[in-house]
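**Student:** Got a structure for you, data_26.pdb, holding PDB, C-alpha atoms, pLDDT in the B column.
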ATOM      1  CA  MET A  25      51.941 -80.128 126.805  1.00 58.00           C
ATOM      2  CA  SER A  26      53.279 -76.979 128.411  1.00 61.00           C
ATOM      3  CA  SER A  27      54.083 -77.110 132.116  1.00 70.00           C
ATOM      4  CA  ARG A  28      54.006 -73.314 132.463  1.00 81.00           C
ATOM      5  CA  ARG A  29      51.342 -72.097 134.870  1.00 86.00           C
ATOM      6  CA  ALA A  30      49.188 -69.222 133.716  1.00 85.00           C
ATOM      7  CA  VAL A  31      49.575 -66.098 135.807  1.00 81.00           C
ATOM      8  CA  TYR A  32      46.460 -64.013 136.187  1.00 75.00           C
ATOM      9  CA  PRO A  33      46.222 -60.436 137.389  1.00 72.00           C
ATOM     10  CA  ASP A  34      44.571 -59.617 140.696  1.00 78.00           C
ATOM     11  CA  VAL A  35      41.176 -58.197 139.776  1.00 73.00           C
ATOM     12  CA  SER A  36      39.803 -57.871 143.303  1.00 81.00           C
ATOM     13  CA  GLU A  37      39.973 -54.059 143.218  1.00 81.00           C
ATOM     14  CA  ILE A  38      38.106 -53.972 139.916  1.00 79.00           C
ATOM     15  CA  LEU A  39      35.431 -56.284 141.281  1.00 80.00           C
ATOM     16  CA  ALA A  40      35.175 -54.245 144.495  1.00 85.00           C
ATOM     17  CA  ARG A  41      34.730 -51.077 142.444  1.00 85.00           C
ATOM     18  CA  LYS A  42      32.029 -52.803 140.409  1.00 81.00           C
ATOM     19  CA  GLU A  43      30.261 -53.844 143.608  1.00 86.00           C
ATOM     20  CA  ARG A  44      30.457 -50.277 144.958  1.00 88.00           C
ATOM     21  CA  GLY A  45      28.935 -49.035 141.710  1.00 87.00           C
ATOM     22  CA  ARG A  46      26.118 -51.547 142.060  1.00 88.00           C
ATOM     23  CA  ARG A  47      25.406 -50.382 145.619  1.00 91.00           C
ATOM     24  CA  ASN A  48      25.496 -46.751 144.528  1.00 91.00           C
ATOM     25  CA  LEU A  49      22.973 -47.501 141.798  1.00 91.00           C
ATOM     26  CA  ALA A  50      20.737 -49.320 144.275  1.00 92.00           C
ATOM     27  CA  SER A  51      20.789 -46.321 146.610  1.00 93.00           C
ATOM     28  CA  LEU A  52      19.658 -43.810 143.967  1.00 94.00           C
ATOM     29  CA  PRO A  53      16.187 -42.270 144.341  1.00 94.00           C
ATOM     30  CA  PHE A  54      13.414 -44.324 142.718  1.00 93.00           C
ATOM     31  CA  ALA A  55      12.679 -41.612 140.147  1.00 93.00           C
ATOM     32  CA  GLU A  56      16.325 -41.614 139.047  1.00 93.00           C
ATOM     33  CA  LYS A  57      16.289 -45.419 138.725  1.00 93.00           C
ATOM     34  CA  ILE A  58      13.109 -45.222 136.645  1.00 93.00           C
ATOM     35  CA  ARG A  59      14.932 -42.790 134.312  1.00 92.00           C
ATOM     36  CA  ILE A  60      17.809 -45.276 133.971  1.00 92.00           C
ATOM     37  CA  LEU A  61      15.314 -48.070 133.316  1.00 92.00           C
ATOM     38  CA  GLU A  62      13.612 -46.034 130.604  1.00 91.00           C
ATOM     39  CA  ALA A  63      16.957 -45.298 128.947  1.00 90.00           C
ATOM     40  CA  MET A  64      17.793 -49.033 129.093  1.00 88.00           C
ATOM     41  CA  ARG A  65      14.454 -49.845 127.534  1.00 87.00           C
ATOM     42  CA  ASP A  66      15.056 -47.394 124.691  1.00 85.00           C
ATOM     43  CA  ARG A  67      18.459 -48.941 124.001  1.00 82.00           C
ATOM     44  CA  LEU A  68      17.013 -52.460 124.099  1.00 80.00           C
ATOM     45  CA  GLU A  69      14.216 -51.376 121.768  1.00 78.00           C
ATOM     46  CA  LEU A  70      16.832 -50.278 119.246  1.00 78.00           C
ATOM     47  CA  PHE A  71      18.518 -53.708 119.462  1.00 78.00           C
ATOM     48  CA  ARG A  72      15.140 -55.429 119.165  1.00 76.00           C
ATOM     49  CA  ARG A  73      14.326 -53.500 115.985  1.00 79.00           C
ATOM     50  CA  LEU A  74      17.761 -54.268 114.524  1.00 80.00           C
ATOM     51  CA  ARG A  75      17.295 -57.971 115.352  1.00 79.00           C
ATOM     52  CA  GLU A  76      13.821 -58.032 113.807  1.00 80.00           C
ATOM     53  CA  GLY A  77      15.216 -56.350 110.711  1.00 81.00           C
ATOM     54  CA  ARG A  78      17.903 -59.031 110.420  1.00 79.00           C
ATOM     55  CA  VAL A  79      15.335 -61.815 110.861  1.00 78.00           C
ATOM     56  CA  GLN A  80      13.071 -60.316 108.168  1.00 80.00           C
ATOM     57  CA  GLU A  81      16.034 -59.919 105.839  1.00 80.00           C
ATOM     58  CA  ALA A  82      17.043 -63.539 106.406  1.00 81.00           C
ATOM     59  CA  GLU A  83      13.489 -64.692 105.727  1.00 82.00           C
ATOM     60  CA  ARG A  84      13.378 -62.770 102.447  1.00 80.00           C
ATOM     61  CA  SER A  85      16.650 -64.196 101.169  1.00 77.00           C
TER      62      SER A  85
ATOM     63  CA  MET B   3       6.459 -44.006 133.662  1.00 89.00           C
ATOM     64  CA  ASN B   4       4.913 -41.207 135.713  1.00 92.00           C
ATOM     65  CA  SER B   5       2.028 -40.949 133.236  1.00 94.00           C
ATOM     66  CA  THR B   6       1.428 -44.706 133.544  1.00 95.00           C
ATOM     67  CA  LEU B   7       1.335 -44.472 137.333  1.00 96.00           C
ATOM     68  CA  LYS B   8      -1.063 -41.532 137.151  1.00 96.00           C
ATOM     69  CA  VAL B   9      -3.488 -43.636 135.079  1.00 97.00           C
ATOM     70  CA  ILE B  10      -3.285 -46.430 137.673  1.00 97.00           C
ATOM     71  CA  ASN B  11      -3.923 -43.969 140.523  1.00 97.00           C
ATOM     72  CA  LYS B  12      -6.925 -42.662 138.581  1.00 96.00           C
ATOM     73  CA  MET B  13      -8.244 -46.234 138.382  1.00 95.00           C
ATOM     74  CA  VAL B  14      -8.217 -46.378 142.187  1.00 94.00           C
ATOM     75  CA  GLU B  15      -9.832 -42.945 142.379  1.00 94.00           C
ATOM     76  CA  ASP B  16     -12.559 -44.092 139.973  1.00 93.00           C
ATOM     77  CA  GLY B  17     -13.129 -47.287 141.960  1.00 91.00           C
ATOM     78  CA  VAL B  18     -12.063 -49.731 139.240  1.00 91.00           C
ATOM     79  CA  ILE B  19      -9.426 -51.230 141.488  1.00 91.00           C
ATOM     80  CA  ARG B  20      -9.546 -51.010 145.255  1.00 91.00           C
ATOM     81  CA  ARG B  21      -5.842 -51.065 145.926  1.00 94.00           C
ATOM     82  CA  TYR B  22      -2.648 -51.738 143.996  1.00 96.00           C
ATOM     83  CA  ALA B  23       1.077 -52.215 144.490  1.00 97.00           C
ATOM     84  CA  VAL B  24       3.919 -52.147 142.037  1.00 97.00           C
ATOM     85  CA  ALA B  25       5.394 -55.659 141.990  1.00 96.00           C
ATOM     86  CA  GLY B  26       7.947 -57.546 139.871  1.00 94.00           C
ATOM     87  CA  ALA B  27      11.056 -55.942 138.446  1.00 93.00           C
ATOM     88  CA  VAL B  28       9.825 -52.350 138.775  1.00 94.00           C
ATOM     89  CA  GLY B  29       8.788 -52.959 142.398  1.00 96.00           C
ATOM     90  CA  ALA B  30      12.233 -54.437 143.072  1.00 95.00           C
ATOM     91  CA  LEU B  31      13.789 -51.425 141.380  1.00 94.00           C
ATOM     92  CA  TYR B  32      12.767 -49.315 144.363  1.00 95.00           C
ATOM     93  CA  TYR B  33      15.231 -51.304 146.496  1.00 95.00           C
ATOM     94  CA  LEU B  34      17.789 -52.665 144.036  1.00 94.00           C
ATOM     95  CA  GLU B  35      19.984 -51.499 141.189  1.00 92.00           C
ATOM     96  CA  PRO B  36      18.238 -50.952 137.835  1.00 91.00           C
ATOM     97  CA  VAL B  37      17.758 -54.098 135.748  1.00 89.00           C
ATOM     98  CA  ALA B  38      16.185 -53.964 132.307  1.00 86.00           C
ATOM     99  CA  THR B  39      12.535 -54.905 132.122  1.00 88.00           C
ATOM    100  CA  SER B  40       9.956 -54.401 129.433  1.00 83.00           C
ATOM    101  CA  ASP B  41       6.776 -54.239 131.491  1.00 89.00           C
ATOM    102  CA  VAL B  42       5.273 -53.150 134.780  1.00 93.00           C
ATOM    103  CA  ASP B  43       3.592 -55.696 137.061  1.00 94.00           C
ATOM    104  CA  ILE B  44       0.757 -54.252 139.104  1.00 95.00           C
ATOM    105  CA  LEU B  45      -0.773 -56.366 141.852  1.00 94.00           C
ATOM    106  CA  ILE B  46      -4.403 -55.345 142.242  1.00 93.00           C
ATOM    107  CA  SER B  47      -7.430 -56.055 144.318  1.00 89.00           C
ATOM    108  CA  ILE B  48     -10.799 -55.813 142.690  1.00 73.00           C
ATOM    109  CA  ASP B  49     -13.993 -55.658 144.685  1.00 66.00           C
ATOM    110  CA  GLU B  50     -15.275 -59.113 145.446  1.00 56.00           C
ATOM    111  CA  LEU B  51     -17.516 -60.414 142.723  1.00 52.00           C
ATOM    112  CA  ASP B  52     -20.419 -62.725 143.324  1.00 51.00           C
ATOM    113  CA  PRO B  53     -19.949 -65.310 141.900  1.00 53.00           C
ATOM    114  CA  PRO B  54     -16.160 -64.801 141.812  1.00 61.00           C
ATOM    115  CA  ALA B  55     -14.862 -64.410 138.274  1.00 65.00           C
ATOM    116  CA  SER B  56     -11.922 -66.431 137.123  1.00 66.00           C
ATOM    117  CA  GLY B  57      -9.311 -66.303 134.404  1.00 66.00           C
ATOM    118  CA  PHE B  58      -9.327 -63.249 132.185  1.00 70.00           C
ATOM    119  CA  MET B  59     -12.865 -62.374 133.293  1.00 75.00           C
ATOM    120  CA  VAL B  60     -11.359 -61.084 136.562  1.00 79.00           C
ATOM    121  CA  LEU B  61      -9.659 -58.363 134.584  1.00 85.00           C
ATOM    122  CA  LYS B  62     -12.719 -57.369 132.579  1.00 86.00           C
ATOM    123  CA  PRO B  63     -13.502 -54.248 134.667  1.00 89.00           C
ATOM    124  CA  VAL B  64      -9.876 -53.180 134.240  1.00 91.00           C
ATOM    125  CA  THR B  65      -9.685 -53.804 130.509  1.00 92.00           C
ATOM    126  CA  ASP B  66     -13.111 -52.215 129.936  1.00 93.00           C
ATOM    127  CA  TYR B  67     -12.095 -49.094 131.847  1.00 94.00           C
ATOM    128  CA  LEU B  68      -8.794 -48.817 129.991  1.00 96.00           C
ATOM    129  CA  ALA B  69     -10.450 -49.425 126.616  1.00 96.00           C
ATOM    130  CA  LYS B  70     -12.859 -46.570 127.340  1.00 96.00           C
ATOM    131  CA  ALA B  71      -9.872 -44.382 128.157  1.00 96.00           C
ATOM    132  CA  GLY B  72      -8.308 -45.339 124.800  1.00 96.00           C
ATOM    133  CA  TYR B  73      -5.808 -47.947 125.976  1.00 96.00           C
ATOM    134  CA  THR B  74      -6.546 -50.926 123.776  1.00 94.00           C
ATOM    135  CA  GLU B  75      -3.137 -51.949 122.488  1.00 92.00           C
ATOM    136  CA  TYR B  76      -1.421 -54.989 123.985  1.00 89.00           C
ATOM    137  CA  ARG B  77       2.312 -55.562 124.045  1.00 84.00           C
ATOM    138  CA  ASP B  78       4.255 -58.397 125.739  1.00 75.00           C
ATOM    139  CA  GLU B  79       0.978 -59.634 127.327  1.00 80.00           C
ATOM    140  CA  GLY B  80       0.480 -56.237 128.937  1.00 88.00           C
ATOM    141  CA  ILE B  81      -1.911 -53.424 128.140  1.00 92.00           C
ATOM    142  CA  LEU B  82       0.018 -50.490 126.772  1.00 93.00           C
ATOM    143  CA  VAL B  83      -0.623 -47.586 129.153  1.00 96.00           C
ATOM    144  CA  GLU B  84       1.225 -44.382 128.347  1.00 94.00           C
ATOM    145  CA  GLY B  85       4.060 -46.255 126.656  1.00 91.00           C
ATOM    146  CA  TRP B  86       4.519 -49.034 129.230  1.00 92.00           C
ATOM    147  CA  PRO B  87       2.996 -52.517 128.919  1.00 92.00           C
ATOM    148  CA  VAL B  88       1.206 -53.035 132.234  1.00 94.00           C
ATOM    149  CA  GLN B  89       0.376 -56.515 133.507  1.00 92.00           C
ATOM    150  CA  PHE B  90      -2.442 -56.359 136.024  1.00 92.00           C
ATOM    151  CA  LEU B  91      -2.176 -59.289 138.408  1.00 91.00           C
ATOM    152  CA  PRO B  92      -5.221 -59.819 140.615  1.00 90.00           C
ATOM    153  CA  VAL B  93      -4.554 -60.986 144.159  1.00 90.00           C
ATOM    154  CA  ALA B  94      -4.532 -64.775 143.819  1.00 87.00           C
ATOM    155  CA  ASP B  95      -3.513 -66.083 147.244  1.00 90.00           C
ATOM    156  CA  ASP B  96      -2.866 -65.098 150.866  1.00 93.00           C
ATOM    157  CA  LEU B  97       0.708 -64.045 150.109  1.00 95.00           C
ATOM    158  CA  ASP B  98      -0.505 -61.591 147.460  1.00 94.00           C
ATOM    159  CA  ALA B  99      -3.217 -60.304 149.797  1.00 93.00           C
ATOM    160  CA  GLU B 100      -0.751 -59.729 152.626  1.00 96.00           C
ATOM    161  CA  GLY B 101       1.755 -58.095 150.279  1.00 97.00           C
ATOM    162  CA  LEU B 102      -0.859 -55.721 148.975  1.00 96.00           C
ATOM    163  CA  ASP B 103      -2.113 -54.970 152.462  1.00 95.00           C
ATOM    164  CA  GLN B 104       1.378 -54.142 153.753  1.00 97.00           C
ATOM    165  CA  ALA B 105       2.657 -52.311 150.664  1.00 97.00           C
ATOM    166  CA  ILE B 106       4.464 -49.061 151.369  1.00 97.00           C
ATOM    167  CA  GLU B 107       3.498 -45.726 149.917  1.00 96.00           C
ATOM    168  CA  ILE B 108       6.196 -43.654 148.267  1.00 94.00           C
ATOM    169  CA  GLU B 109       6.180 -40.363 146.405  1.00 92.00           C
ATOM    170  CA  MET B 110       7.484 -39.938 142.886  1.00 90.00           C
ATOM    171  CA  PRO B 111       8.472 -36.407 141.963  1.00 90.00           C
ATOM    172  CA  ASP B 112       6.520 -35.017 139.042  1.00 90.00           C
ATOM    173  CA  GLU B 113       6.095 -31.611 137.403  1.00 91.00           C
ATOM    174  CA  ALA B 114       2.433 -31.538 138.423  1.00 91.00           C
ATOM    175  CA  GLY B 115       3.216 -32.473 142.038  1.00 92.00           C
ATOM    176  CA  PRO B 116       4.332 -35.712 143.681  1.00 93.00           C
ATOM    177  CA  ILE B 117       2.651 -38.936 142.634  1.00 94.00           C
ATOM    178  CA  GLU B 118       1.798 -41.403 145.379  1.00 95.00           C
ATOM    179  CA  VAL B 119       2.806 -44.921 144.449  1.00 95.00           C
ATOM    180  CA  ASN B 120       2.364 -48.164 146.389  1.00 97.00           C
ATOM    181  CA  VAL B 121       5.239 -50.626 146.243  1.00 97.00           C
ATOM    182  CA  LEU B 122       5.479 -54.125 147.723  1.00 98.00           C
ATOM    183  CA  ARG B 123       7.817 -54.533 150.692  1.00 98.00           C
ATOM    184  CA  PRO B 124      11.116 -56.306 149.955  1.00 97.00           C
ATOM    185  CA  GLU B 125      10.102 -59.369 151.989  1.00 97.00           C
ATOM    186  CA  HIS B 126       6.981 -59.853 149.869  1.00 98.00           C
ATOM    187  CA  LEU B 127       8.929 -59.304 146.651  1.00 97.00           C
ATOM    188  CA  VAL B 128      11.410 -61.974 147.775  1.00 97.00           C
ATOM    189  CA  ALA B 129       8.684 -64.384 148.878  1.00 96.00           C
ATOM    190  CA  THR B 130       6.819 -63.928 145.594  1.00 96.00           C
ATOM    191  CA  ALA B 131      10.023 -64.456 143.604  1.00 96.00           C
ATOM    192  CA  LEU B 132      10.635 -67.610 145.636  1.00 95.00           C
ATOM    193  CA  LYS B 133       7.098 -68.818 144.958  1.00 94.00           C
ATOM    194  CA  VAL B 134       7.376 -68.185 141.202  1.00 92.00           C
ATOM    195  CA  GLY B 135      10.895 -69.599 141.059  1.00 91.00           C
ATOM    196  CA  ARG B 136      12.086 -68.704 137.560  1.00 91.00           C
ATOM    197  CA  PHE B 137      15.777 -68.103 136.938  1.00 91.00           C
ATOM    198  CA  LYS B 138      15.285 -64.326 136.893  1.00 90.00           C
ATOM    199  CA  ASP B 139      13.375 -64.537 140.181  1.00 93.00           C
ATOM    200  CA  GLU B 140      16.280 -66.348 141.794  1.00 94.00           C
ATOM    201  CA  ILE B 141      18.663 -63.651 140.584  1.00 94.00           C
ATOM    202  CA  ARG B 142      16.362 -61.048 142.123  1.00 94.00           C
ATOM    203  CA  ILE B 143      16.385 -62.857 145.465  1.00 95.00           C
ATOM    204  CA  ARG B 144      20.189 -62.944 145.380  1.00 94.00           C
ATOM    205  CA  SER B 145      20.263 -59.195 144.729  1.00 94.00           C
ATOM    206  CA  PHE B 146      18.044 -58.521 147.733  1.00 95.00           C
ATOM    207  CA  LEU B 147      20.341 -60.649 149.893  1.00 92.00           C
ATOM    208  CA  ASP B 148      23.602 -59.256 148.515  1.00 90.00           C
ATOM    209  CA  LEU B 149      22.475 -55.674 148.971  1.00 91.00           C
ATOM    210  CA  LYS B 150      21.061 -56.464 152.434  1.00 90.00           C
ATOM    211  CA  LYS B 151      17.684 -55.014 151.575  1.00 93.00           C
ATOM    212  CA  VAL B 152      15.673 -57.645 153.446  1.00 93.00           C
ATOM    213  CA  ASP B 153      14.637 -57.689 157.088  1.00 92.00           C
ATOM    214  CA  PHE B 154      15.297 -61.348 157.922  1.00 89.00           C
ATOM    215  CA  GLN B 155      12.882 -61.415 160.857  1.00 89.00           C
ATOM    216  CA  ALA B 156      10.110 -60.067 158.659  1.00 93.00           C
ATOM    217  CA  LEU B 157      11.021 -62.518 155.886  1.00 92.00           C
ATOM    218  CA  ALA B 158      10.892 -65.421 158.358  1.00 91.00           C
ATOM    219  CA  GLY B 159       7.399 -64.327 159.338  1.00 92.00           C
ATOM    220  CA  VAL B 160       6.285 -64.304 155.704  1.00 94.00           C
ATOM    221  CA  TYR B 161       7.764 -67.799 155.164  1.00 93.00           C
ATOM    222  CA  ASP B 162       5.986 -69.058 158.300  1.00 92.00           C
ATOM    223  CA  ARG B 163       2.604 -67.686 157.329  1.00 95.00           C
ATOM    224  CA  HIS B 164       2.807 -68.811 153.716  1.00 96.00           C
ATOM    225  CA  HIS B 165       4.619 -72.142 154.126  1.00 94.00           C
ATOM    226  CA  LEU B 166       7.639 -71.270 152.052  1.00 93.00           C
ATOM    227  CA  TRP B 167      10.383 -72.919 154.118  1.00 90.00           C
ATOM    228  CA  ASP B 168      10.798 -75.915 151.824  1.00 90.00           C
ATOM    229  CA  LYS B 169      11.163 -73.682 148.781  1.00 92.00           C
ATOM    230  CA  TRP B 170      13.627 -71.508 150.719  1.00 91.00           C
ATOM    231  CA  ALA B 171      15.723 -74.540 151.683  1.00 88.00           C
ATOM    232  CA  ARG B 172      15.801 -75.695 148.052  1.00 90.00           C
ATOM    233  CA  PHE B 173      16.738 -72.202 146.877  1.00 92.00           C
ATOM    234  CA  CYS B 174      19.561 -71.925 149.435  1.00 90.00           C
ATOM    235  CA  GLU B 175      20.896 -75.346 148.444  1.00 88.00           C
ATOM    236  CA  LYS B 176      20.770 -74.533 144.741  1.00 89.00           C
ATOM    237  CA  ALA B 177      22.340 -71.109 145.258  1.00 87.00           C
ATOM    238  CA  GLY B 178      25.042 -72.519 147.538  1.00 87.00           C
ATOM    239  CA  LEU B 179      24.020 -70.227 150.389  1.00 83.00           C
ATOM    240  CA  THR B 180      25.533 -71.349 153.648  1.00 75.00           C
ATOM    241  CA  ASP B 181      25.353 -68.133 155.700  1.00 64.00           C
ATOM    242  CA  PRO B 182      23.667 -69.211 158.964  1.00 56.00           C
ATOM    243  CA  THR B 183      21.804 -65.906 159.308  1.00 59.00           C
ATOM    244  CA  ILE B 184      20.189 -66.660 155.969  1.00 63.00           C
ATOM    245  CA  LEU B 185      19.656 -70.372 156.500  1.00 60.00           C
ATOM    246  CA  LYS B 186      18.301 -70.135 160.037  1.00 61.00           C
ATOM    247  CA  LEU B 187      15.698 -67.504 159.484  1.00 58.00           C
ATOM    248  CA  ARG B 188      13.190 -69.453 161.521  1.00 50.00           C
ATOM    249  CA  THR B 189      12.861 -67.830 164.935  1.00 45.00           C
TER     250      THR B 189
END
Give the structure from the file, written as structure tokens.
**Tutor:**
Amino acid sequence: MSSRRAVYPDVSEILARKERGRRNLASLPFAEKIRILEAMRDRLELFRRLREGRVQEAERS
Amino acid sequence: MNSTLKVINKMVEDGVIRRYAVAGAVGALYYLEPVATSDVDILISIDELDPPASGFMVLKPVTDYLAKAGYTEYRDEGILVEGWPVQFLPVADDLDAEGLDQAIEIEMPDEAGPIEVNVLRPEHLVATALKVGRFKDEIRIRSFLDLKKVDFQALAGVYDRHHLWDKWARFCEKAGLTDPTILKLRT
């Protein structure tokens, strides 16, 4: 067993930036957030169709 | 979604529903960061029926109206209205009734002029999420707390009136919340 301790980088700045981004998103106008939501939905729809395609393919084989 | 909201406003105009408020994930979206959701929850009040209908019969006036307008397709348990599955949730208890009564009115910009939309207040969204208690509801509550979008005094009032303190205590324990301003909401 190795006695060396793992050294991890300090990611606090990255996490803080992520948190700032989250707050910025939350403060956007409702209409802008709806647009983001619709874009998310479109992307998820694409994944859903791909997943369904895979399931159908698996069922056929 | 503007077209969906216009149809819902028209339902109020035509007297099918008396009042409505956007609830659930899209209601929370007004206050929080965008989170993916596939449907729109609309809390509605329908004129009192005598005798009161129950189950899906409550929604019959809504579904009949929408069917006449050509909206007959269902997706994810919601009626597809202008591309969005809409789940109409009739007021089912005092918390819903209060939430609907105190909903705020906002304006959504639109090419044809602003659309008025009613949205539940954050305290009612949190209280409803607490009442429902699914994992995604708990995440939503955490978001409201993290982003400081809740008026704690107002939330305490909602918990008092709707007897939600036990659920709140369990949620705080489960979520590891120890902040006294959150734990001691009771005034």
**Student:** When the PyMOL selection byres ((chain A) within 12 of (chain B)) is applied to the structure above, which residues does it catch, written out as a list in words?
**Tutor:**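 Applied to this file, the PyMOL selection byres ((chain A) within 12 of (chain B)) returns Glu43, Arg44, Gly45, Arg46, Arg47, Asn48, Leu49, Ala50, Ser51, Leu52, Pro53, Phe54, Ala55, Glu56, Lys57, Ile58, Arg59, Ile60, Leu61, Glu62, Ala63, Met64, Arg65, Asp66, Arg67, Leu68, Glu69 and Arg72 of chain A.
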**Student:** For a test of reading the model, state the distance in Å between atom CA of B:Val93 and atom CA of B:Ser47, rounded to one decimal.
**Tutor:** 5.7 Å
**Student:** In Å, rounded to a single decimal, give me how far atom CA of B:Ile46 is from atom CA of B:Ala105.
**Tutor:**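 Going from atom CA of B:Ala105 over to atom CA of B:Ile46, I get 11.4 Å.
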**Student:** Name the closest residue to B:Val18 among the candidates B:Phe58, B:Val64, B:Val42, B:Gly178; distances are taken between atoms, counting all atoms listed in the file.
**Tutor:**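 Closest residue, counting all atoms listed in the file: B:Val64.
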**Student:** For the structure shown, which residues end up in the PyMOL selection byres ((chain B and resi 85) around 10)? Put them as JSON, numbers by chain, please?
**Tutor:** {"B": [3, 5, 6, 41, 77, 81, 82, 83, 84, 86, 87, 88]}
**Student:** For stretch 32-46 of chain A of the block above, can you save N, CA, C and O atoms as a CSV table (one decimal), in the first residue's frame?
**Tutor:**
chain,number,residue,atom,x,y,z
A,32,TYR,N,-4.6,17.4,-4.1
A,32,TYR,CA,-5.7,17.9,-5.0
A,32,TYR,C,-5.5,19.4,-5.2
A,32,TYR,O,-5.1,20.1,-4.3
A,33,PRO,N,-5.9,19.9,-6.4
A,33,PRO,CA,-5.9,21.3,-6.6
A,33,PRO,C,-7.0,22.0,-5.9
A,33,PRO,O,-8.0,21.4,-5.6
A,34,ASP,N,-6.8,23.3,-5.7
A,34,ASP,CA,-7.8,24.1,-5.0
A,34,ASP,C,-8.8,24.5,-6.1
A,34,ASP,O,-8.4,25.2,-7.1
A,35,VAL,N,-10.0,24.1,-5.9
A,35,VAL,CA,-11.0,24.4,-7.0
A,35,VAL,C,-12.0,25.4,-6.5
A,35,VAL,O,-13.1,25.6,-7.1
A,36,SER,N,-11.7,26.1,-5.4
A,36,SER,CA,-12.7,27.0,-4.8
A,36,SER,C,-13.0,28.2,-5.8
A,36,SER,O,-14.2,28.6,-5.9
A,37,GLU,N,-12.0,28.6,-6.6
A,37,GLU,CA,-12.3,29.7,-7.5
A,37,GLU,C,-13.3,29.2,-8.6
A,37,GLU,O,-14.2,30.0,-9.1
A,38,ILE,N,-13.0,28.0,-9.0
A,38,ILE,CA,-13.9,27.4,-10.1
A,38,ILE,C,-15.3,27.3,-9.6
A,38,ILE,O,-16.3,27.7,-10.3
A,39,LEU,N,-15.4,26.8,-8.4
A,39,LEU,CA,-16.8,26.6,-7.8
A,39,LEU,C,-17.5,28.0,-7.6
A,39,LEU,O,-18.7,28.1,-7.8
A,40,ALA,N,-16.7,29.0,-7.1
A,40,ALA,CA,-17.2,30.3,-6.9
A,40,ALA,C,-17.7,30.9,-8.3
A,40,ALA,O,-18.8,31.5,-8.3
A,41,ARG,N,-17.0,30.6,-9.3
A,41,ARG,CA,-17.4,31.1,-10.6
A,41,ARG,C,-18.7,30.5,-11.1
A,41,ARG,O,-19.6,31.1,-11.6
A,42,LYS,N,-18.7,29.2,-10.8
A,42,LYS,CA,-19.9,28.4,-11.1
A,42,LYS,C,-21.2,29.0,-10.4
A,42,LYS,O,-22.2,29.1,-11.0
A,43,GLU,N,-21.0,29.3,-9.1
A,43,GLU,CA,-22.0,29.8,-8.3
A,43,GLU,C,-22.5,31.2,-8.8
A,43,GLU,O,-23.7,31.5,-8.9
A,44,ARG,N,-21.5,32.0,-9.2
A,44,ARG,CA,-21.8,33.3,-9.8
A,44,ARG,C,-22.6,33.1,-11.1
A,44,ARG,O,-23.6,33.9,-11.3
A,45,GLY,N,-22.2,32.2,-11.9
A,45,GLY,CA,-23.0,31.9,-13.1
A,45,GLY,C,-24.4,31.5,-12.8
A,45,GLY,O,-25.3,31.9,-13.5
A,46,ARG,N,-24.6,30.7,-11.8
A,46,ARG,CA,-25.9,30.2,-11.4
A,46,ARG,C,-26.8,31.4,-11.0
A,46,ARG,O,-27.9,31.5,-11.4
